[in-house]
Each structure stands twice: as structure tokens, then as C-alpha cells.
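> Got a structure here, written out as C-alpha cells. Questions coming.
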Amino acid sequence: MYAQLVDTGETRVRGAEEMSAEEQAFQSRLDAGVKIEPRDWMPDPYRRTLVRQISQHAHSEVVGMLPEGNWITRAPSLKRKAILLAKVQDEGGHGMYLYSAAETLGASRDQMLDDLVAGRAKYSSIFNYPTLTWADIGAIGWLVDGAAIINQIPLCRCSYGPYARAMVRICKEESFHQRQGYDIMLALARGTAAQKAMAQDALNRWWWPAVMMHGPSDEASVHSAQSMQWKIKIHSNDELRQKFIDQTVPQADFLGLTVPDPALKWNEARGHYDIGPIDWDEFYAVIKGNGPCNRDRLKTRAQAWADGAWVREAAAAHAARTAQAAQPDLPQPSATQEP
Ligand code: FAQ
């Protein structure tokens, strides 16, 4: 169900002596901080790596609408509902920018969406967990958007121009999302004992999945070395994870909530928090399609894709008519004709 999207073959970093003259010139441009643009020459594995990562990222944004969308009709006030609605729409927009960025590399949007609904493409593990209470909406904004920002700010400086530029706006919006989540958690933490308990329960369930969002440990990460050489990734998975933990633990303290990790401890010598062991079996089970909500998420996306067929057909028919109006000598398209 969860096959690897593409075999990019980029798991081993090659030295300059193994590269062609073109590849060496390409690497020198990257090393000089030059952005690569769609019409520039690029090695095929660089292109495939970007399509893999950007399409997975786009899928994550779109599937990520589902856990929060579940609470739009049940938000506790009109204000919270309006904010949540805007946030979920933002995530849909992020997906669209990212699919567009992948298209600049020659990927087809239809193919990417087909891969998603058929279960061939990956999307972030975090969106395979259920949203059981309103506090989960606070926890997602605070922890999930918080983890996403830490990963995504460096992507604004990544080597591929369209991806880097898309990330600038996405990061601004994610920052608003993180604050709205923290604001929900703050309201609950300062509320009744039952509300505070609900916030704690949400932190208990979302903490470890959020810690896993940054991907496998550096030792187990197959793509990091090559992606860092190509400046697609600026920091390793473990570096970003540590940054997330160091930033988030004081925020939990301020809320008066307890991070569910008995081994969590500030390490004076390292200047970082130490954490207990991560359950990588759980992570790999989720990314192989066996998390609590994987099947449900894909079923919902597939249904949305099927339900939207009439919109795509109408848009294609309208585009064909507009083209016909601009060039009256072309044959008239029928209402049902494919583009
Ligand atoms: N979930 O060798 P690495 C968001 C896969 S957006 C699932 O370390 P890489 C906004 C990885 O794909 C969240 N799979 O790979 C929002 C690879 O599999 P493959 C998404 C994962 O690419 C908030 C294999 O494991 N953000 O949250 C995960 O160098 C709220 C080996 O891993 C992005 O996509 C995972 N967590 O590093 C929306 C950011 N981690 O392809 C709605 C861009 C790893 O060989 C509501 N992506 N895998 O089959 C990246 O920065 C990177 O792709 C990493 C993974 C860091 C995710």
C-alpha cells in the first residue's frame, strides 16, 4: 500500500571525481548559493528528489486538512470556527503552491494526486492520528505547525527557487497557525480543571508523533546526506527535532502542562534537552500505512477526488470554450469533450 514514490537512487553522496563536468559545474553553483530555476540544467536524481519531497509535502498539506476539518462544525465559538476555517483553507492553499512547484519540475498534478489516492505516495505520518477533542486542535496548531515551521524556515533558503519562494509565504501562514494553536491551549490550560485535563491529554497523545515528524534519526535517514549536499536540506532530521524540543518544552512549562517523557531533562553540558527513546516501530508502522487513521484518510481523499470530478470537467469545458472564443476558426468543443 505504501510503496516508495520513486527510486531516486540518491542515497549515496558522490565525490567530485565521480561527477561529470556538468554535475561538477552544477554542484559549484549550489555551493556558491545560486538558486536553481526550472529551465536550468539539473541532474535527474536532483529533479527526482525534489519531486519526491515537494509532492510528499503537498500531500501532507492536503491530507493535513482532514484532522482539523473534523472540528470545523464543532468549534466552541463563532470566532474559533472562523479562525479554524481560515487555517484549514490556508493548508489547502499550501498544497496548491507546492503542487505547482512540483509541476515546474515536469511532474503532472494528475499523476501526483493519483499516486496519493492509490496509496503509492507518502505524506506526513502525523496526519494519521485522530482528533478526539477540541484540545487536539490546539495541540495540532501548537505542536504540528510548530514542528512544521522549524522544518520549513530553512526550506525558504533551499537551492530550488520555486520551492524556496513558495515556502516564504507558507511559513508566514504557519506562524499564525502555531499561535492560534497555542492560544487554544492557553485558554484551556487557564480554564476549568476539566479543560486543563483535556489539554494535558492532547499533549500526551500528540507529543511523540510531533517529535517523529522530523523523520528517522540521522543514522537511519537514507536521503539526508545527498539532499544536504544539494542544499535541498540545510539541517539534518535530528538537528531540527532537537530545535523543536528545545523550543517547545518551555512553552509547555508556561502552560503548566507536562511533556509525556519521564526522561526529558535539560542537559547543561550540551545546552539542549535530552529525551527518552523514540518508538521508531510506531513511526515505520504509520508510514507503511498502518497508523490509526491511514485508511480513513486515503478513503476520504479518494472520495473528495471523485466528488470533484464535475468541477474539473466544468473547468476544462470552460477553458476549451474560452480558447474557442479567442480562435473562432478552431472546431467547436462539445460539452463533454476532454481537454
Ligand atoms: N512522515 O531519508 P529521510 C505540515 C520518509 S507539512 C512520512 O529522512 P527526507 C503543515 C521519507 O519521505 C508536514 N514519511 O527522507 C501542516 C523517506 O521515504 P521515501 C510535511 C516520512 O526526505 C500543519 C523515508 O521516510 N512537511 O505539517 C516522514 O530526506 C498542520 C526516509 O526519510 C514536509 O514534507 C514523516 N514524518 O527527509 C498541514 C517538509 N519522515 O520518500 C496541516 C518537507 C520521513 O524514500 C496541518 N520535507 N519520511 O519513500 C522534508 O523536509 C523531508 O522530506 C523530511 C524527510 C524531513 C520530512
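Residue numbering restarts at 1 in every chain; chains get A, B, ... in the order shown in the C-alpha cells, and ligands count up from 1 in that same order.
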For Ala285 (chain A), work out the shell of residues within 12 Å, counting only C-alpha atoms and skipping chain neighbours fewer than 5 positions away, then give it as a VMD selection string.
chain A and resid 1 to 2 125 128 279 to 280 290 to 294
> So that I can check the surroundings of region 104-115 of chain A, please list as a list in words every protein, DNA and RNA residue that reaches within 6 Å of it, counting only C-alpha atoms and ignoring chain neighbours fewer than 4 positions away.
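Non-adjacent residues within range: Pro38, Arg120 and Ala121 of chain A.
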> Create the file for the chosen residues now, containing N, CA and C atoms and written as a CSV table (one decimal), in the first residue's frame.

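Full text of again_2.csv as output:
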chain,number,residue,atom,x,y,z
A,38,PRO,N,13.6,26.5,-12.9
A,38,PRO,CA,13.1,25.3,-13.7
A,38,PRO,C,13.8,25.1,-15.0
A,120,ARG,N,0.1,5.1,-3.2
A,120,ARG,CA,1.5,5.0,-3.6
A,120,ARG,C,2.4,6.0,-3.1
A,121,ALA,N,1.9,7.2,-2.6
A,121,ALA,CA,2.7,8.3,-2.2
A,121,ALA,C,2.7,8.5,-0.7
> Determine, counting only C-alpha atoms, which protein, DNA and RNA residues have an atom within 10 Å of an atom of region 181-195 of chain A; residues of the same chain fewer than 5 positions away are not included. Present the result as a PyMOL selection string.
chain A and resi 80+84+134-146+176+200-203+251-252+254-257
> Just the selected residues (N, CA, C and O atoms), exported as a tab-separated table (two decimals), in the first residue's frame, please.

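Below you can see selection_2.tsv, which holds the result:
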chain	number	residue	atom	x	y	z
A	80	ARG	N	-13.73	31.04	17.09
A	80	ARG	CA	-12.83	29.88	16.90
A	80	ARG	C	-13.11	29.18	15.58
A	80	ARG	O	-12.21	28.69	14.90
A	84	LEU	N	-10.45	28.66	12.58
A	84	LEU	CA	-10.11	27.30	12.15
A	84	LEU	C	-10.38	27.12	10.65
A	84	LEU	O	-9.58	26.51	9.92
A	134	TRP	N	-11.58	18.93	21.28
A	134	TRP	CA	-11.23	20.28	20.80
A	134	TRP	C	-9.76	20.61	21.14
A	134	TRP	O	-9.08	21.30	20.37
A	135	ALA	N	-9.27	20.09	22.25
A	135	ALA	CA	-7.88	20.38	22.62
A	135	ALA	C	-6.90	19.86	21.56
A	135	ALA	O	-5.79	20.40	21.42
A	136	ASP	N	-7.31	18.85	20.81
A	136	ASP	CA	-6.43	18.34	19.76
A	136	ASP	C	-6.19	19.41	18.69
A	136	ASP	O	-5.13	19.42	18.05
A	137	ILE	N	-7.15	20.29	18.50
A	137	ILE	CA	-6.98	21.37	17.51
A	137	ILE	C	-5.91	22.35	18.03
A	137	ILE	O	-5.06	22.83	17.27
A	138	GLY	N	-5.94	22.60	19.33
A	138	GLY	CA	-4.88	23.42	19.93
A	138	GLY	C	-3.53	22.74	19.81
A	138	GLY	O	-2.52	23.35	19.43
A	139	ALA	N	-3.50	21.44	20.09
A	139	ALA	CA	-2.23	20.70	20.06
A	139	ALA	C	-1.68	20.64	18.64
A	139	ALA	O	-0.46	20.74	18.43
A	140	ILE	N	-2.54	20.50	17.64
A	140	ILE	CA	-2.04	20.46	16.25
A	140	ILE	C	-1.41	21.79	15.89
A	140	ILE	O	-0.28	21.86	15.38
A	141	GLY	N	-2.13	22.90	16.16
A	141	GLY	CA	-1.56	24.20	15.82
A	141	GLY	C	-0.24	24.42	16.55
A	141	GLY	O	0.78	24.81	15.94
A	142	TRP	N	-0.25	24.16	17.84
A	142	TRP	CA	0.96	24.41	18.64
A	142	TRP	C	2.11	23.48	18.24
A	142	TRP	O	3.21	23.92	17.91
A	143	LEU	N	1.84	22.16	18.26
A	143	LEU	CA	2.94	21.20	18.07
A	143	LEU	C	3.22	20.88	16.60
A	143	LEU	O	4.37	20.84	16.18
A	144	VAL	N	2.15	20.61	15.84
A	144	VAL	CA	2.36	20.16	14.46
A	144	VAL	C	2.81	21.33	13.58
A	144	VAL	O	3.80	21.24	12.87
A	145	ASP	N	2.09	22.45	13.67
A	145	ASP	CA	2.55	23.62	12.91
A	145	ASP	C	3.89	24.09	13.45
A	145	ASP	O	4.74	24.56	12.70
A	146	GLY	N	4.07	23.97	14.78
A	146	GLY	CA	5.35	24.37	15.37
A	146	GLY	C	6.49	23.53	14.81
A	146	GLY	O	7.54	24.06	14.42
A	176	PHE	N	1.21	32.02	12.00
A	176	PHE	CA	-0.13	32.36	12.53
A	176	PHE	C	-0.82	31.09	13.06
A	176	PHE	O	-1.44	31.09	14.13
A	200	GLN	N	-3.97	18.55	28.67
A	200	GLN	CA	-2.88	17.62	29.01
A	200	GLN	C	-3.01	16.33	28.21
A	200	GLN	O	-2.02	15.78	27.70
A	201	ASP	N	-4.25	15.85	28.09
A	201	ASP	CA	-4.49	14.61	27.35
A	201	ASP	C	-4.08	14.78	25.88
A	201	ASP	O	-3.48	13.87	25.28
A	202	ALA	N	-4.38	15.96	25.32
A	202	ALA	CA	-4.00	16.20	23.91
A	202	ALA	C	-2.47	16.23	23.79
A	202	ALA	O	-1.90	15.65	22.85
A	203	LEU	N	-1.81	16.89	24.73
A	203	LEU	CA	-0.33	16.92	24.70
A	203	LEU	C	0.22	15.49	24.81
A	203	LEU	O	1.15	15.11	24.09
A	251	GLN	N	7.55	26.19	26.38
A	251	GLN	CA	6.17	26.60	26.10
A	251	GLN	C	5.18	25.73	26.88
A	251	GLN	O	4.17	26.21	27.39
A	252	ALA	N	5.50	24.43	26.99
A	252	ALA	CA	4.66	23.52	27.80
A	252	ALA	C	4.73	23.94	29.27
A	252	ALA	O	3.71	23.97	29.97
A	254	PHE	N	5.20	26.91	30.43
A	254	PHE	CA	4.41	28.13	30.60
A	254	PHE	C	2.91	27.79	30.71
A	254	PHE	O	2.17	28.43	31.44
A	255	LEU	N	2.50	26.76	29.96
A	255	LEU	CA	1.08	26.34	30.02
A	255	LEU	C	0.77	25.61	31.32
A	255	LEU	O	-0.40	25.38	31.64
A	256	GLY	N	1.80	25.19	32.03
A	256	GLY	CA	1.59	24.38	33.23
A	256	GLY	C	1.25	22.94	32.88
A	256	GLY	O	0.64	22.22	33.67
A	257	LEU	N	1.68	22.50	31.69
A	257	LEU	CA	1.42	21.11	31.25
A	257	LEU	C	2.73	20.32	31.30
A	257	LEU	O	3.82	20.90	31.26
> What does the structure give for the distance between CA of Pro277 (chain A) and CA of Ala263 (chain A), in Å to one decimal?
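Distance between the two atoms: 8.5 Å.
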> List as a PyMOL selection string the protein and nucleic acid residues near Gln27 (chain A), meaning an atom at most 9 Å away when only C-alpha atoms are counted, but skip any in the same chain fewer than 6 places from it.
chain A and resi 16+229-230
> Hey, what's within 6 Å of region 151-158 of chain A if we count only C-alpha atoms and toss same-chain stuff fewer than 2 positions away? As a PyMOL selection string, please?
chain A and resi 148-149+160+164+167-168+231-232
> List the neighbours of Ile275 (chain A) out to 12 Å using only C-alpha atoms; skip same-chain residues closer than 3 positions along the sequence, and give me the result as a list in words.
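That gives Trp207, Trp208, Val211, Asp238, Arg241, Gln242, Phe244, Ile245, Asp246, Val249, Val259, Pro260, Asp261, Pro262, Ala263, Leu264, Lys265, Trp266, Asn267, His272, Ile278 and Asp279 of chain A.
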> Please save N, CA, C and O atoms of the selected residues as a PDB file, in the first residue's frame.

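The result, written out as part16.pdb:
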ATOM      1  N   TRP A 207       2.444  14.594  21.510  1.00  0.00           N
ATOM      2  CA  TRP A 207       3.864  14.909  21.684  1.00  0.00           C
ATOM      3  C   TRP A 207       4.774  14.016  20.839  1.00  0.00           C
ATOM      4  O   TRP A 207       5.556  14.464  20.008  1.00  0.00           O
ATOM      5  N   TRP A 208       4.650  12.686  21.064  1.00  0.00           N
ATOM      6  CA  TRP A 208       5.605  11.790  20.380  1.00  0.00           C
ATOM      7  C   TRP A 208       5.408  11.769  18.863  1.00  0.00           C
ATOM      8  O   TRP A 208       6.397  11.822  18.107  1.00  0.00           O
ATOM      9  N   VAL A 211       7.228  14.721  17.624  1.00  0.00           N
ATOM     10  CA  VAL A 211       8.689  14.528  17.671  1.00  0.00           C
ATOM     11  C   VAL A 211       9.148  13.674  16.474  1.00  0.00           C
ATOM     12  O   VAL A 211      10.233  13.871  15.924  1.00  0.00           O
ATOM     13  N   ASP A 238      17.713  15.127  12.906  1.00  0.00           N
ATOM     14  CA  ASP A 238      17.911  15.191  14.369  1.00  0.00           C
ATOM     15  C   ASP A 238      18.162  16.628  14.836  1.00  0.00           C
ATOM     16  O   ASP A 238      17.734  17.007  15.930  1.00  0.00           O
ATOM     17  N   ARG A 241      14.781  18.203  14.966  1.00  0.00           N
ATOM     18  CA  ARG A 241      13.997  17.624  16.071  1.00  0.00           C
ATOM     19  C   ARG A 241      14.432  18.265  17.399  1.00  0.00           C
ATOM     20  O   ARG A 241      13.622  18.658  18.221  1.00  0.00           O
ATOM     21  N   GLN A 242      15.763  18.373  17.565  1.00  0.00           N
ATOM     22  CA  GLN A 242      16.289  18.948  18.810  1.00  0.00           C
ATOM     23  C   GLN A 242      15.823  20.402  18.963  1.00  0.00           C
ATOM     24  O   GLN A 242      15.434  20.835  20.050  1.00  0.00           O
ATOM     25  N   PHE A 244      13.139  21.717  17.764  1.00  0.00           N
ATOM     26  CA  PHE A 244      11.706  21.692  18.105  1.00  0.00           C
ATOM     27  C   PHE A 244      11.526  21.425  19.602  1.00  0.00           C
ATOM     28  O   PHE A 244      10.753  22.104  20.285  1.00  0.00           O
ATOM     29  N   ILE A 245      12.256  20.439  20.113  1.00  0.00           N
ATOM     30  CA  ILE A 245      12.113  20.077  21.527  1.00  0.00           C
ATOM     31  C   ILE A 245      12.566  21.243  22.415  1.00  0.00           C
ATOM     32  O   ILE A 245      11.854  21.640  23.353  1.00  0.00           O
ATOM     33  N   ASP A 246      13.719  21.807  22.098  1.00  0.00           N
ATOM     34  CA  ASP A 246      14.252  22.903  22.926  1.00  0.00           C
ATOM     35  C   ASP A 246      13.306  24.108  22.943  1.00  0.00           C
ATOM     36  O   ASP A 246      13.178  24.799  23.945  1.00  0.00           O
ATOM     37  N   VAL A 249       9.501  22.736  24.878  1.00  0.00           N
ATOM     38  CA  VAL A 249       9.391  22.360  26.302  1.00  0.00           C
ATOM     39  C   VAL A 249       9.114  23.594  27.186  1.00  0.00           C
ATOM     40  O   VAL A 249       8.195  23.549  28.024  1.00  0.00           O
ATOM     41  N   VAL A 259       5.216  17.501  29.661  1.00  0.00           N
ATOM     42  CA  VAL A 259       5.577  16.739  28.461  1.00  0.00           C
ATOM     43  C   VAL A 259       5.646  15.252  28.846  1.00  0.00           C
ATOM     44  O   VAL A 259       6.287  14.905  29.853  1.00  0.00           O
ATOM     45  N   PRO A 260       4.983  14.367  28.077  1.00  0.00           N
ATOM     46  CA  PRO A 260       4.881  12.956  28.491  1.00  0.00           C
ATOM     47  C   PRO A 260       6.164  12.168  28.226  1.00  0.00           C
ATOM     48  O   PRO A 260       6.161  11.226  27.432  1.00  0.00           O
ATOM     49  N   ASP A 261       7.238  12.576  28.850  1.00  0.00           N
ATOM     50  CA  ASP A 261       8.525  11.893  28.670  1.00  0.00           C
ATOM     51  C   ASP A 261       9.273  11.956  29.997  1.00  0.00           C
ATOM     52  O   ASP A 261       9.896  12.975  30.319  1.00  0.00           O
ATOM     53  N   PRO A 262       9.242  10.858  30.767  1.00  0.00           N
ATOM     54  CA  PRO A 262       9.892  10.886  32.081  1.00  0.00           C
ATOM     55  C   PRO A 262      11.397  11.129  31.990  1.00  0.00           C
ATOM     56  O   PRO A 262      12.010  11.598  32.952  1.00  0.00           O
ATOM     57  N   ALA A 263      11.981  10.840  30.823  1.00  0.00           N
ATOM     58  CA  ALA A 263      13.442  11.015  30.691  1.00  0.00           C
ATOM     59  C   ALA A 263      13.818  12.426  30.243  1.00  0.00           C
ATOM     60  O   ALA A 263      15.011  12.740  30.140  1.00  0.00           O
ATOM     61  N   LEU A 264      12.837  13.265  29.987  1.00  0.00           N
ATOM     62  CA  LEU A 264      13.141  14.620  29.497  1.00  0.00           C
ATOM     63  C   LEU A 264      13.910  15.396  30.554  1.00  0.00           C
ATOM     64  O   LEU A 264      13.470  15.492  31.703  1.00  0.00           O
ATOM     65  N   LYS A 265      15.052  15.938  30.158  1.00  0.00           N
ATOM     66  CA  LYS A 265      15.901  16.617  31.148  1.00  0.00           C
ATOM     67  C   LYS A 265      16.802  17.613  30.419  1.00  0.00           C
ATOM     68  O   LYS A 265      17.342  17.314  29.353  1.00  0.00           O
ATOM     69  N   TRP A 266      16.940  18.804  31.007  1.00  0.00           N
ATOM     70  CA  TRP A 266      17.866  19.798  30.431  1.00  0.00           C
ATOM     71  C   TRP A 266      19.299  19.313  30.658  1.00  0.00           C
ATOM     72  O   TRP A 266      19.667  18.927  31.766  1.00  0.00           O
ATOM     73  N   ASN A 267      20.093  19.321  29.607  1.00  0.00           N
ATOM     74  CA  ASN A 267      21.486  18.886  29.706  1.00  0.00           C
ATOM     75  C   ASN A 267      22.361  20.139  29.607  1.00  0.00           C
ATOM     76  O   ASN A 267      22.525  20.708  28.522  1.00  0.00           O
ATOM     77  N   HIS A 272      21.111  21.551  25.598  1.00  0.00           N
ATOM     78  CA  HIS A 272      19.887  21.059  24.947  1.00  0.00           C
ATOM     79  C   HIS A 272      19.139  20.147  25.917  1.00  0.00           C
ATOM     80  O   HIS A 272      19.720  19.652  26.884  1.00  0.00           O
ATOM     81  N   ILE A 278      12.707   7.181  21.247  1.00  0.00           N
ATOM     82  CA  ILE A 278      11.569   7.357  20.313  1.00  0.00           C
ATOM     83  C   ILE A 278      11.133   5.972  19.834  1.00  0.00           C
ATOM     84  O   ILE A 278      11.975   5.122  19.553  1.00  0.00           O
ATOM     85  N   ASP A 279       9.832   5.760  19.747  1.00  0.00           N
ATOM     86  CA  ASP A 279       9.316   4.458  19.315  1.00  0.00           C
ATOM     87  C   ASP A 279       9.304   4.404  17.782  1.00  0.00           C
ATOM     88  O   ASP A 279       8.289   4.683  17.136  1.00  0.00           O
TER      89      ASP A 279
END
